[in-house]
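Peer 1: Please find model.pdb (PDB, C-alpha atoms and all ligand atoms) on the next line:
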ATOM      1  CA  MET A 418       0.000   0.000   0.000  1.00  0.00           C
ATOM      2  CA  MET A 419       2.260   2.780  -1.213  1.00  0.00           C
ATOM      3  CA  ASN A 420       1.681   6.457  -1.940  1.00  0.00           C
ATOM      4  CA  LYS A 421      -2.062   6.190  -1.809  1.00  0.00           C
ATOM      5  CA  GLU A 422      -4.140   9.287  -2.278  1.00  0.00           C
ATOM      6  CA  MET A 423      -4.975  11.377   0.775  1.00  0.00           C
ATOM      7  CA  ILE A 424      -8.761  11.640   0.893  1.00  0.00           C
ATOM      8  CA  TYR A 425      -9.090  13.962   3.828  1.00  0.00           C
ATOM      9  CA  GLU A 426      -7.015  15.838   6.385  1.00  0.00           C
ATOM     10  CA  GLY A 427      -8.648  16.645   9.691  1.00  0.00           C
ATOM     11  CA  LYS A 428      -7.296  18.440  12.760  1.00  0.00           C
ATOM     12  CA  ALA A 429      -5.759  15.329  14.293  1.00  0.00           C
ATOM     13  CA  LYS A 430      -5.759  12.683  11.553  1.00  0.00           C
ATOM     14  CA  ARG A 431      -5.179  12.110   7.868  1.00  0.00           C
ATOM     15  CA  VAL A 432      -7.225   9.626   5.882  1.00  0.00           C
ATOM     16  CA  PHE A 433      -5.816   7.764   2.854  1.00  0.00           C
ATOM     17  CA  ALA A 434      -7.338   5.467   0.262  1.00  0.00           C
ATOM     18  CA  THR A 435      -6.314   1.793   0.284  1.00  0.00           C
ATOM     19  CA  ASP A 436      -6.508  -1.058  -2.216  1.00  0.00           C
ATOM     20  CA  HIS A 437      -9.924  -1.955  -0.793  1.00  0.00           C
ATOM     21  CA  GLU A 438     -12.758   0.365  -1.658  1.00  0.00           C
ATOM     22  CA  ASP A 439     -14.445  -0.507   1.668  1.00  0.00           C
ATOM     23  CA  GLU A 440     -11.454   0.464   3.794  1.00  0.00           C
ATOM     24  CA  VAL A 441      -9.302   3.521   4.477  1.00  0.00           C
ATOM     25  CA  LEU A 442      -6.050   4.117   6.304  1.00  0.00           C
ATOM     26  CA  VAL A 443      -6.150   6.577   9.199  1.00  0.00           C
ATOM     27  CA  SER A 444      -2.887   8.202  10.258  1.00  0.00           C
ATOM     28  CA  TYR A 445      -2.799   9.962  13.638  1.00  0.00           C
ATOM     29  CA  LYS A 446      -0.913  13.263  14.007  1.00  0.00           C
ATOM     30  CA  ASP A 447       0.509  14.986  17.078  1.00  0.00           C
ATOM     31  CA  ASP A 448      -1.332  18.200  16.158  1.00  0.00           C
ATOM     32  CA  ALA A 449      -3.750  19.439  18.770  1.00  0.00           C
ATOM     33  CA  THR A 450      -6.447  22.063  18.463  1.00  0.00           C
ATOM     34  CA  ALA A 451      -9.114  23.389  20.781  1.00  0.00           C
ATOM     35  CA  PHE A 452     -12.015  25.815  20.596  1.00  0.00           C
ATOM     36  CA  ASN A 453     -12.825  24.929  17.004  1.00  0.00           C
ATOM     37  CA  GLY A 454      -9.237  25.251  15.849  1.00  0.00           C
ATOM     38  CA  GLU A 455      -8.583  28.669  17.451  1.00  0.00           C
ATOM     39  CA  LYS A 456      -5.941  27.249  19.759  1.00  0.00           C
ATOM     40  CA  LYS A 457      -3.234  25.204  18.073  1.00  0.00           C
ATOM     41  CA  GLY A 458      -0.329  23.182  19.373  1.00  0.00           C
ATOM     42  CA  THR A 459       1.532  19.915  19.362  1.00  0.00           C
ATOM     43  CA  ILE A 460       1.325  17.147  21.909  1.00  0.00           C
ATOM     44  CA  VAL A 461       4.413  15.044  21.265  1.00  0.00           C
ATOM     45  CA  GLY A 462       3.547  11.357  21.002  1.00  0.00           C
ATOM     46  CA  LYS A 463      -0.221  11.965  21.061  1.00  0.00           C
ATOM     47  CA  GLY A 464      -0.768  10.325  17.672  1.00  0.00           C
ATOM     48  CA  VAL A 465       0.763   7.082  18.904  1.00  0.00           C
ATOM     49  CA  VAL A 466      -1.183   7.072  22.169  1.00  0.00           C
ATOM     50  CA  ASN A 467      -4.502   7.901  20.490  1.00  0.00           C
ATOM     51  CA  ASN A 468      -4.070   5.375  17.696  1.00  0.00           C
ATOM     52  CA  ARG A 469      -3.098   2.485  19.927  1.00  0.00           C
ATOM     53  CA  MET A 470      -5.558   3.351  22.700  1.00  0.00           C
ATOM     54  CA  SER A 471      -8.467   3.778  20.326  1.00  0.00           C
ATOM     55  CA  ASN A 472      -7.762   0.439  18.660  1.00  0.00           C
ATOM     56  CA  TYR A 473      -7.409  -1.318  21.997  1.00  0.00           C
ATOM     57  CA  LEU A 474     -10.722   0.061  23.281  1.00  0.00           C
ATOM     58  CA  MET A 475     -12.548  -0.653  20.026  1.00  0.00           C
ATOM     59  CA  LYS A 476     -11.459  -4.293  20.300  1.00  0.00           C
ATOM     60  CA  ILE A 477     -12.889  -4.439  23.829  1.00  0.00           C
ATOM     61  CA  LEU A 478     -16.139  -2.914  22.549  1.00  0.00           C
ATOM     62  CA  GLU A 479     -16.321  -5.406  19.668  1.00  0.00           C
ATOM     63  CA  GLU A 480     -16.091  -8.225  22.224  1.00  0.00           C
ATOM     64  CA  LYS A 481     -19.176  -6.728  23.895  1.00  0.00           C
ATOM     65  CA  GLY A 482     -21.063  -6.842  20.592  1.00  0.00           C
ATOM     66  CA  ILE A 483     -20.639  -3.189  19.639  1.00  0.00           C
ATOM     67  CA  PRO A 484     -19.811  -2.856  15.926  1.00  0.00           C
ATOM     68  CA  THR A 485     -16.828  -0.570  15.233  1.00  0.00           C
ATOM     69  CA  HIS A 486     -14.832   0.577  12.225  1.00  0.00           C
ATOM     70  CA  TYR A 487     -11.605  -1.053  13.476  1.00  0.00           C
ATOM     71  CA  VAL A 488      -9.947  -3.469  11.048  1.00  0.00           C
ATOM     72  CA  LYS A 489      -6.179  -3.674  11.608  1.00  0.00           C
ATOM     73  CA  GLU A 490      -3.393  -1.707  13.271  1.00  0.00           C
ATOM     74  CA  LEU A 491      -0.566  -1.224  10.767  1.00  0.00           C
ATOM     75  CA  SER A 492       1.905   0.723  12.859  1.00  0.00           C
ATOM     76  CA  GLU A 493       2.187   3.051  15.850  1.00  0.00           C
ATOM     77  CA  ARG A 494       0.221   5.764  14.070  1.00  0.00           C
ATOM     78  CA  ASP A 495      -1.578   4.004  11.226  1.00  0.00           C
ATOM     79  CA  THR A 496      -4.712   1.883  11.245  1.00  0.00           C
ATOM     80  CA  ILE A 497      -6.978   0.377   8.623  1.00  0.00           C
ATOM     81  CA  VAL A 498     -10.633   1.097   9.335  1.00  0.00           C
ATOM     82  CA  LYS A 499     -13.884   0.475   7.521  1.00  0.00           C
ATOM     83  CA  LYS A 500     -14.778   3.356   5.234  1.00  0.00           C
ATOM     84  CA  VAL A 501     -17.959   4.865   6.598  1.00  0.00           C
ATOM     85  CA  ASP A 502     -20.187   7.748   5.781  1.00  0.00           C
ATOM     86  CA  ILE A 503     -19.937   9.747   9.019  1.00  0.00           C
ATOM     87  CA  VAL A 504     -23.223  10.816  10.584  1.00  0.00           C
ATOM     88  CA  PRO A 505     -22.610  14.547  11.125  1.00  0.00           C
ATOM     89  CA  LEU A 506     -23.373  14.429  14.835  1.00  0.00           C
ATOM     90  CA  GLU A 507     -21.020  14.403  17.799  1.00  0.00           C
ATOM     91  CA  VAL A 508     -22.526  12.161  20.439  1.00  0.00           C
ATOM     92  CA  ILE A 509     -21.555  13.226  23.933  1.00  0.00           C
ATOM     93  CA  ILE A 510     -22.159  11.050  26.970  1.00  0.00           C
ATOM     94  CA  ARG A 511     -21.650  12.464  30.448  1.00  0.00           C
ATOM     95  CA  ASN A 512     -21.388  10.630  33.754  1.00  0.00           C
ATOM     96  CA  LYS A 513     -20.513  13.730  35.780  1.00  0.00           C
ATOM     97  CA  ALA A 514     -20.951  17.429  35.101  1.00  0.00           C
ATOM     98  CA  CYS A 515     -17.976  19.099  33.425  1.00  0.00           C
ATOM     99  CA  GLY A 516     -16.984  21.429  30.595  1.00  0.00           C
ATOM    100  CA  SER A 517     -19.765  22.941  28.510  1.00  0.00           C
ATOM    101  CA  PHE A 518     -22.457  21.147  30.561  1.00  0.00           C
ATOM    102  CA  SER A 519     -21.237  22.769  33.780  1.00  0.00           C
ATOM    103  CA  LYS A 520     -21.062  26.130  32.102  1.00  0.00           C
ATOM    104  CA  ARG A 521     -24.474  25.897  30.428  1.00  0.00           C
ATOM    105  CA  TYR A 522     -26.372  24.717  33.497  1.00  0.00           C
ATOM    106  CA  GLY A 523     -24.317  26.403  36.226  1.00  0.00           C
ATOM    107  CA  VAL A 524     -23.233  23.211  37.988  1.00  0.00           C
ATOM    108  CA  LYS A 525     -19.837  22.686  39.530  1.00  0.00           C
ATOM    109  CA  GLU A 526     -17.378  20.552  37.566  1.00  0.00           C
ATOM    110  CA  GLY A 527     -17.322  17.046  39.006  1.00  0.00           C
ATOM    111  CA  SER A 528     -20.901  17.232  40.359  1.00  0.00           C
ATOM    112  CA  GLU A 529     -22.798  13.965  40.384  1.00  0.00           C
ATOM    113  CA  LEU A 530     -25.613  13.520  37.857  1.00  0.00           C
ATOM    114  CA  LYS A 531     -28.781  11.539  38.649  1.00  0.00           C
ATOM    115  CA  CYS A 532     -28.140   9.464  35.540  1.00  0.00           C
ATOM    116  CA  ALA A 533     -25.788   9.350  32.578  1.00  0.00           C
ATOM    117  CA  THR A 534     -26.817  11.806  29.896  1.00  0.00           C
ATOM    118  CA  LEU A 535     -26.461  12.124  26.128  1.00  0.00           C
ATOM    119  CA  GLU A 536     -26.451  15.121  23.839  1.00  0.00           C
ATOM    120  CA  PHE A 537     -25.746  15.742  20.183  1.00  0.00           C
ATOM    121  CA  SER A 538     -23.699  18.483  18.544  1.00  0.00           C
ATOM    122  CA  TYR A 539     -24.043  19.209  14.859  1.00  0.00           C
ATOM    123  CA  LYS A 540     -20.615  18.468  13.315  1.00  0.00           C
ATOM    124  CA  ASN A 541     -20.125  21.699  11.409  1.00  0.00           C
ATOM    125  CA  ASP A 542     -16.937  23.716  11.878  1.00  0.00           C
ATOM    126  CA  ASP A 543     -18.372  26.854  10.255  1.00  0.00           C
ATOM    127  CA  LEU A 544     -21.065  26.913  12.923  1.00  0.00           C
ATOM    128  CA  GLY A 545     -18.754  25.819  15.765  1.00  0.00           C
ATOM    129  CA  ASP A 546     -20.423  22.413  16.312  1.00  0.00           C
ATOM    130  CA  PRO A 547     -23.624  23.737  17.955  1.00  0.00           C
ATOM    131  CA  LEU A 548     -25.731  21.709  20.361  1.00  0.00           C
ATOM    132  CA  ILE A 549     -28.619  20.152  18.451  1.00  0.00           C
ATOM    133  CA  ASN A 550     -31.634  18.141  19.566  1.00  0.00           C
ATOM    134  CA  ARG A 551     -33.181  15.011  18.060  1.00  0.00           C
ATOM    135  CA  PHE A 552     -35.996  16.923  16.356  1.00  0.00           C
ATOM    136  CA  HIS A 553     -33.609  19.381  14.741  1.00  0.00           C
ATOM    137  CA  ALA A 554     -31.351  16.562  13.558  1.00  0.00           C
ATOM    138  CA  LEU A 555     -34.384  14.840  11.997  1.00  0.00           C
ATOM    139  CA  ALA A 556     -35.665  18.088  10.485  1.00  0.00           C
ATOM    140  CA  LEU A 557     -32.287  18.778   8.884  1.00  0.00           C
ATOM    141  CA  GLY A 558     -32.116  15.214   7.582  1.00  0.00           C
ATOM    142  CA  LEU A 559     -28.819  14.514   9.391  1.00  0.00           C
ATOM    143  CA  ALA A 560     -29.988  11.025  10.387  1.00  0.00           C
ATOM    144  CA  SER A 561     -33.174   8.969  10.404  1.00  0.00           C
ATOM    145  CA  GLU A 562     -35.210   8.209  13.503  1.00  0.00           C
ATOM    146  CA  ALA A 563     -34.043   4.583  13.424  1.00  0.00           C
ATOM    147  CA  GLU A 564     -30.406   5.681  13.097  1.00  0.00           C
ATOM    148  CA  LEU A 565     -30.697   8.075  16.051  1.00  0.00           C
ATOM    149  CA  THR A 566     -32.264   5.367  18.194  1.00  0.00           C
ATOM    150  CA  GLU A 567     -29.474   2.935  17.302  1.00  0.00           C
ATOM    151  CA  ILE A 568     -26.796   5.573  17.931  1.00  0.00           C
ATOM    152  CA  GLU A 569     -28.246   6.304  21.377  1.00  0.00           C
ATOM    153  CA  ARG A 570     -28.463   2.612  22.246  1.00  0.00           C
ATOM    154  CA  LEU A 571     -24.879   1.950  21.172  1.00  0.00           C
ATOM    155  CA  ALA A 572     -23.540   5.077  22.894  1.00  0.00           C
ATOM    156  CA  PHE A 573     -24.943   4.038  26.288  1.00  0.00           C
ATOM    157  CA  LEU A 574     -23.587   0.507  25.786  1.00  0.00           C
ATOM    158  CA  VAL A 575     -20.165   1.989  25.020  1.00  0.00           C
ATOM    159  CA  ASN A 576     -20.478   4.009  28.216  1.00  0.00           C
ATOM    160  CA  GLU A 577     -21.227   0.959  30.394  1.00  0.00           C
ATOM    161  CA  THR A 578     -18.353  -0.982  28.897  1.00  0.00           C
ATOM    162  CA  LEU A 579     -15.827   1.840  29.120  1.00  0.00           C
ATOM    163  CA  ILE A 580     -16.768   2.885  32.679  1.00  0.00           C
ATOM    164  CA  ALA A 581     -16.138  -0.680  33.822  1.00  0.00           C
ATOM    165  CA  TYR A 582     -12.896  -0.981  31.883  1.00  0.00           C
ATOM    166  CA  PHE A 583     -11.429   2.358  33.043  1.00  0.00           C
ATOM    167  CA  GLN A 584     -12.273   1.501  36.651  1.00  0.00           C
ATOM    168  CA  THR A 585      -9.844  -1.398  36.404  1.00  0.00           C
ATOM    169  CA  ILE A 586      -7.036   1.083  35.701  1.00  0.00           C
ATOM    170  CA  ASP A 587      -8.138   3.599  38.358  1.00  0.00           C
ATOM    171  CA  ILE A 588      -9.609   6.062  35.897  1.00  0.00           C
ATOM    172  CA  GLU A 589     -13.005   7.713  36.141  1.00  0.00           C
ATOM    173  CA  LEU A 590     -14.730   8.273  32.790  1.00  0.00           C
ATOM    174  CA  VAL A 591     -16.293  11.708  33.321  1.00  0.00           C
ATOM    175  CA  ASP A 592     -17.548  12.240  29.767  1.00  0.00           C
ATOM    176  CA  PHE A 593     -16.640  11.502  26.159  1.00  0.00           C
ATOM    177  CA  LYS A 594     -17.542  12.143  22.545  1.00  0.00           C
ATOM    178  CA  LEU A 595     -18.314   9.483  19.953  1.00  0.00           C
ATOM    179  CA  GLU A 596     -18.936   9.574  16.230  1.00  0.00           C
ATOM    180  CA  PHE A 597     -20.853   6.967  14.278  1.00  0.00           C
ATOM    181  CA  GLY A 598     -20.866   6.071  10.616  1.00  0.00           C
ATOM    182  CA  ARG A 599     -23.017   4.283   8.088  1.00  0.00           C
ATOM    183  CA  TYR A 600     -21.420   1.118   6.751  1.00  0.00           C
ATOM    184  CA  HIS A 601     -23.544  -0.743   4.224  1.00  0.00           C
ATOM    185  CA  ASP A 602     -26.902  -0.941   6.014  1.00  0.00           C
ATOM    186  CA  SER A 603     -25.762  -0.513   9.577  1.00  0.00           C
ATOM    187  CA  ILE A 604     -24.532   2.037  12.067  1.00  0.00           C
ATOM    188  CA  ILE A 605     -21.059   1.399  13.471  1.00  0.00           C
ATOM    189  CA  LEU A 606     -18.795   3.241  15.896  1.00  0.00           C
ATOM    190  CA  ALA A 607     -16.141   5.308  14.077  1.00  0.00           C
ATOM    191  CA  ASP A 608     -13.562   8.041  14.775  1.00  0.00           C
ATOM    192  CA  GLU A 609     -11.493   7.567  17.951  1.00  0.00           C
ATOM    193  CA  ILE A 610     -11.665   7.056  21.696  1.00  0.00           C
ATOM    194  CA  SER A 611      -8.678   8.746  23.294  1.00  0.00           C
ATOM    195  CA  PRO A 612      -7.626  11.435  25.779  1.00  0.00           C
ATOM    196  CA  ASP A 613      -8.556  13.915  23.004  1.00  0.00           C
ATOM    197  CA  THR A 614     -12.181  12.800  23.103  1.00  0.00           C
ATOM    198  CA  CYS A 615     -12.703  11.688  26.702  1.00  0.00           C
ATOM    199  CA  ARG A 616     -12.407  13.309  30.118  1.00  0.00           C
ATOM    200  CA  LEU A 617     -10.374  10.855  32.153  1.00  0.00           C
ATOM    201  CA  TRP A 618      -9.745  11.587  35.827  1.00  0.00           C
ATOM    202  CA  ASP A 619      -7.539   9.668  38.195  1.00  0.00           C
ATOM    203  CA  ILE A 620      -9.992   7.932  40.548  1.00  0.00           C
ATOM    204  CA  HIS A 621      -8.093   8.904  43.694  1.00  0.00           C
ATOM    205  CA  THR A 622      -6.597  12.347  43.014  1.00  0.00           C
ATOM    206  CA  HIS A 623      -9.063  13.548  40.329  1.00  0.00           C
ATOM    207  CA  SER A 624      -6.022  14.701  38.383  1.00  0.00           C
ATOM    208  CA  ARG A 625      -6.971  15.223  34.738  1.00  0.00           C
ATOM    209  CA  LEU A 626      -5.388  12.746  32.335  1.00  0.00           C
ATOM    210  CA  ASP A 627      -6.800  14.180  29.111  1.00  0.00           C
ATOM    211  CA  LYS A 628      -6.869  17.036  26.631  1.00  0.00           C
ATOM    212  CA  ASP A 629      -8.283  19.488  29.186  1.00  0.00           C
ATOM    213  CA  ARG A 630      -4.633  19.929  30.236  1.00  0.00           C
ATOM    214  CA  PHE A 631      -3.984  21.378  26.755  1.00  0.00           C
ATOM    215  CA  ARG A 632      -7.313  23.237  26.440  1.00  0.00           C
ATOM    216  CA  ARG A 633      -6.810  24.910  29.822  1.00  0.00           C
ATOM    217  CA  ASP A 634      -3.004  25.318  29.801  1.00  0.00           C
ATOM    218  CA  MET A 635      -2.618  23.098  32.853  1.00  0.00           C
ATOM    219  CA  GLY A 636       0.840  21.752  31.924  1.00  0.00           C
ATOM    220  CA  ASN A 637       2.099  18.141  31.899  1.00  0.00           C
ATOM    221  CA  VAL A 638       0.047  17.425  28.784  1.00  0.00           C
ATOM    222  CA  GLU A 639       2.361  14.782  27.275  1.00  0.00           C
ATOM    223  CA  GLU A 640       2.800  13.203  30.697  1.00  0.00           C
ATOM    224  CA  ALA A 641      -0.973  12.797  31.076  1.00  0.00           C
ATOM    225  CA  TYR A 642      -1.323  11.033  27.699  1.00  0.00           C
ATOM    226  CA  LEU A 643       1.617   8.793  28.547  1.00  0.00           C
ATOM    227  CA  GLU A 644       0.159   7.985  31.963  1.00  0.00           C
ATOM    228  CA  VAL A 645      -3.083   6.755  30.389  1.00  0.00           C
ATOM    229  CA  TYR A 646      -1.057   4.772  27.838  1.00  0.00           C
ATOM    230  CA  ARG A 647       1.041   3.235  30.609  1.00  0.00           C
ATOM    231  CA  ARG A 648      -2.056   2.211  32.578  1.00  0.00           C
ATOM    232  CA  LEU A 649      -3.614   0.567  29.510  1.00  0.00           C
ATOM    233  CA  GLY A 650      -0.583  -1.725  29.496  1.00  0.00           C
ATOM    234  CA  ILE A 651      -0.505  -2.062  25.709  1.00  0.00           C
TER     235      ILE A 651
HETATM  236  P1  LIG B   1     -17.616  19.654  26.401  1.00  0.00           P
HETATM  237  O1  LIG B   1     -17.882  19.589  27.880  1.00  0.00           O
HETATM  238  O2  LIG B   1     -16.620  20.703  26.029  1.00  0.00           O
HETATM  239  O3  LIG B   1     -18.903  19.766  25.630  1.00  0.00           O
HETATM  240  O4  LIG B   1     -16.943  18.276  25.983  1.00  0.00           O
HETATM  241  C1  LIG B   1     -17.591  17.047  26.227  1.00  0.00           C
HETATM  242  C2  LIG B   1     -16.681  15.898  25.815  1.00  0.00           C
HETATM  243  O5  LIG B   1     -16.499  15.880  24.428  1.00  0.00           O
HETATM  244  C3  LIG B   1     -15.290  15.937  26.423  1.00  0.00           C
HETATM  245  O6  LIG B   1     -14.939  14.621  26.819  1.00  0.00           O
HETATM  246  C4  LIG B   1     -14.394  16.391  25.322  1.00  0.00           C
HETATM  247  C5  LIG B   1     -15.100  15.926  24.082  1.00  0.00           C
HETATM  248  N1  LIG B   1     -14.961  16.838  22.965  1.00  0.00           N
HETATM  249  C6  LIG B   1     -14.451  16.374  21.775  1.00  0.00           C
HETATM  250  O7  LIG B   1     -14.077  15.207  21.650  1.00  0.00           O
HETATM  251  N2  LIG B   1     -14.359  17.245  20.720  1.00  0.00           N
HETATM  252  C7  LIG B   1     -14.755  18.539  20.804  1.00  0.00           C
HETATM  253  O8  LIG B   1     -14.651  19.268  19.826  1.00  0.00           O
HETATM  254  C8  LIG B   1     -15.295  19.006  22.051  1.00  0.00           C
HETATM  255  C9  LIG B   1     -15.742  20.428  22.201  1.00  0.00           C
HETATM  256  C10 LIG B   1     -15.384  18.113  23.093  1.00  0.00           C
END
Kindly transcribe the structure held in the file into structure tokens.
Peer 2:
Amino acid sequence: MMNKEMIYEGKAKRVFATDHEDEVLVSYKDDATAFNGEKKGTIVGKGVVNNRMSNYLMKILEEKGIPTHYVKELSERDTIVKKVDIVPLEVIIRNKACGSFSKRYGVKEGSELKCATLEFSYKNDDLGDPLINRFHALALGLASEAELTEIERLAFLVNETLIAYFQTIDIELVDFKLEFGRYHDSIILADEISPDTCRLWDIHTHSRLDKDRFRRDMGNVEEAYLEVYRRLGI
């Protein structure tokens, strides 16, 4: 698979064509952005951590019956995944209040929630990924009712599985963002699961082991990614 055409370059990954029309190669970069690309930087080694961590977690999810795009890890930064048509919704699950939820509803970061919650953002950089509800998503034709129901079901299943897994490595899963794609006639989990897309707190100290360290200039960014990687034991 040499010198294949780059199909897409995102903020943190590049996507290349492969010899299979049903598969693409994803290559993870160390580039980091926040606030819709306004803040830019580099987190050395992030691409390796995110690639390997995402693949590892997707394999765990597959074992639990959750369909994912994962096919094969080629190298530290490169993975073959199923080529999907991404549903233009960011699916955010929260187990505790934090970030934009805390801000919007005036609740302290780390506050308990009565139950896990889910929200959608419309994946649209020009609009800054605005919060969107089910009715709006249907009205705009972003997904069908059946697709939204399946996405919600899978997202909560991912949550249950990941909460339990992270507990075994002394990490609390505060919240995370998922993206789903259409593959033939089904909905499968796509994109990545990494410290870029999850809030991961040390269970004992509540120290943040995720991209909030970059977003909020907290320091020890690389160290946090490496700590999660070390705990995964991969
Ligand atoms: P939020 O509290 O800023 O809405 O973020 C919720 C979760 O979604 C958090 O785990 C970080 C993740 N996230 C992304 O993966 N991409 C994004 O662009 C944003 C804003 C958040």
Peer 1: Residues within 7 Å of ligand LIG 1 (chain B) should be enumerated using only C-alpha atoms and all ligand atoms and returned as a PyMOL selection string.
Peer 2: chain A and resi 451-453+509+515-518+592-594+613-616
Peer 1: Could you take the residues named above and write them with C-alpha atoms, as a PDB file, keeping the file's coordinate frame?
Peer 2:
ATOM      1  CA  ALA A 451      -9.114  23.389  20.781  1.00  0.00           C
ATOM      2  CA  PHE A 452     -12.015  25.815  20.596  1.00  0.00           C
ATOM      3  CA  ASN A 453     -12.825  24.929  17.004  1.00  0.00           C
ATOM      4  CA  ILE A 509     -21.555  13.226  23.933  1.00  0.00           C
ATOM      5  CA  CYS A 515     -17.976  19.099  33.425  1.00  0.00           C
ATOM      6  CA  GLY A 516     -16.984  21.429  30.595  1.00  0.00           C
ATOM      7  CA  SER A 517     -19.765  22.941  28.510  1.00  0.00           C
ATOM      8  CA  PHE A 518     -22.457  21.147  30.561  1.00  0.00           C
ATOM      9  CA  ASP A 592     -17.548  12.240  29.767  1.00  0.00           C
ATOM     10  CA  PHE A 593     -16.640  11.502  26.159  1.00  0.00           C
ATOM     11  CA  LYS A 594     -17.542  12.143  22.545  1.00  0.00           C
ATOM     12  CA  ASP A 613      -8.556  13.915  23.004  1.00  0.00           C
ATOM     13  CA  THR A 614     -12.181  12.800  23.103  1.00  0.00           C
ATOM     14  CA  CYS A 615     -12.703  11.688  26.702  1.00  0.00           C
ATOM     15  CA  ARG A 616     -12.407  13.309  30.118  1.00  0.00           C
TER      16      ARG A 616
END
Peer 1: Listing only residues of region 453-543 of chain A within 9 Å of region 550-556 of chain A, what is the closest atom pair and its distance in Å (to one decimal) for each, using all atoms listed in the file, sorted by chain and residue number ascending, as a Markdown table?
Peer 2:
| residue | atom | partner | partner_atom | distance |
| --- | --- | --- | --- | --- |
| A:Leu506 | CA | A:Ala554 | CA | 8.4 |
| A:Glu536 | CA | A:Asn550 | CA | 7.4 |
| A:Phe537 | CA | A:Asn550 | CA | 6.4 |
| A:Ser538 | CA | A:Asn550 | CA | 8.0 |
| A:Tyr539 | CA | A:Ala554 | CA | 7.9 |
Peer 1: Applied to the shown file, which residues does the PyMOL selection byres (((chain A and resi 520-533) around 10) and not hetatm) return, written as a PyMOL selection string?
Peer 2: chain A and resi 510-519+534-535+573+576-577+591-592+618+623
Peer 1: For Glu507 (chain A), which residue among A:Glu596, A:Glu639, A:Asp602, A:Glu644 is the nearest when counting all atoms listed in the file?
Peer 2: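 Of A:Glu596, A:Glu639, A:Asp602, A:Glu644, the one nearest Glu507 (chain A), counting all atoms listed in the file, is A:Glu596.
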Peer 1: For the structure provided, state which residues fall under the PyMOL selection byres (((chain A and resi 437) around 12) and not hetatm), and present them as a ChimeraX atom specification.
Peer 2: /A:418,421,433-436,438-442,488,497-500
Peer 1: Go ahead and dump the residues you just picked, C-alpha atoms, as a PDB file, keeping the file's coordinate frame.
Peer 2:
ATOM      1  CA  MET A 418       0.000   0.000   0.000  1.00  0.00           C
ATOM      2  CA  LYS A 421      -2.062   6.190  -1.809  1.00  0.00           C
ATOM      3  CA  PHE A 433      -5.816   7.764   2.854  1.00  0.00           C
ATOM      4  CA  ALA A 434      -7.338   5.467   0.262  1.00  0.00           C
ATOM      5  CA  THR A 435      -6.314   1.793   0.284  1.00  0.00           C
ATOM      6  CA  ASP A 436      -6.508  -1.058  -2.216  1.00  0.00           C
ATOM      7  CA  GLU A 438     -12.758   0.365  -1.658  1.00  0.00           C
ATOM      8  CA  ASP A 439     -14.445  -0.507   1.668  1.00  0.00           C
ATOM      9  CA  GLU A 440     -11.454   0.464   3.794  1.00  0.00           C
ATOM     10  CA  VAL A 441      -9.302   3.521   4.477  1.00  0.00           C
ATOM     11  CA  LEU A 442      -6.050   4.117   6.304  1.00  0.00           C
ATOM     12  CA  VAL A 488      -9.947  -3.469  11.048  1.00  0.00           C
ATOM     13  CA  ILE A 497      -6.978   0.377   8.623  1.00  0.00           C
ATOM     14  CA  VAL A 498     -10.633   1.097   9.335  1.00  0.00           C
ATOM     15  CA  LYS A 499     -13.884   0.475   7.521  1.00  0.00           C
ATOM     16  CA  LYS A 500     -14.778   3.356   5.234  1.00  0.00           C
TER      17      LYS A 500
END
Peer 1: So how many Å separate CA of Gly464 (chain A) and CA of Ser444 (chain A), to one decimal?
Peer 2: 8.0 Å
Peer 1: Find the residues around Arg632 (chain A) up to 9 Å (all atoms listed in the file counted), leave out those fewer than 3 positions away in its own chain, and share them as a list in words.
Peer 2: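 Close residues of Arg632 (chain A): Thr450, Ala451, Phe452, Lys456, Lys628, Asp629 and Met635 of chain A.
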Peer 1: Extract, using all atoms listed in the file, all DNA, RNA and protein residues at most 12 Å from region 465-473 of chain A, discarding same-chain residues fewer than 4 positions from it, and format them as a PyMOL selection string.
Peer 2: chain A and resi 429-431+442-449+460-461+477-480+485-498+579+582-583+595+606-615+627-628+639-651
Peer 1: Report, in Å with one decimal, the straight-line distance from CA of Pro484 (chain A) to CA of Glu564 (chain A).
Peer 2: 13.9 Å
Peer 1: What separation in Å, quoted to one decimal, exists between CA of Ile586 (chain A) and CA of Ile620 (chain A)?
Peer 2: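 Here the two named atoms are 8.9 Å from each other.
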Peer 1: For a quick check of understanding, using all atoms listed in the file, which of A:Thr459, A:Pro547, A:Val504, A:Asp542 has the smallest distance to Ile568 (chain A)?
Peer 2: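 Nearest to Ile568 (chain A): A:Val504.
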Peer 1: Taking all atoms of region 550-563 of chain A that the file lists, what box with edges along x, y and z, padded by 6 Å per side, do you get, with centre and edge lengths in Å to one decimal, as lines of an AutoDock Vina configuration file?
Peer 2:
center_x = -32.4
center_y = 12.0
center_z = 13.6
size_x = 19.2
size_y = 26.8
size_z = 24.0
Peer 1: Just so the selection is clear, what residues does the PyMOL selection byres (((chain A and resi 502) around 8) and not hetatm) cover here, as a list in words?
Peer 2: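 Applied to this file, the PyMOL selection byres (((chain A and resi 502) around 8) and not hetatm) returns Lys500, Val501, Ile503, Val504, Gly598, Arg599 and Tyr600 of chain A.
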Peer 1: Write the residues you've just listed into a file as an mmCIF file, keeping the file's coordinate frame, and include C-alpha atoms for each of them.
Peer 2:
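Output file result05.cif follows:
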data_model
loop_
_atom_site.group_PDB
_atom_site.id
_atom_site.type_symbol
_atom_site.label_atom_id
_atom_site.label_comp_id
_atom_site.auth_asym_id
_atom_site.auth_seq_id
_atom_site.Cartn_x
_atom_site.Cartn_y
_atom_site.Cartn_z
ATOM 1 C CA LYS A 500 -14.778 3.356 5.234
ATOM 2 C CA VAL A 501 -17.959 4.865 6.598
ATOM 3 C CA ILE A 503 -19.937 9.747 9.019
ATOM 4 C CA VAL A 504 -23.223 10.816 10.584
ATOM 5 C CA GLY A 598 -20.866 6.071 10.616
ATOM 6 C CA ARG A 599 -23.017 4.283 8.088
ATOM 7 C CA TYR A 600 -21.420 1.118 6.751
#
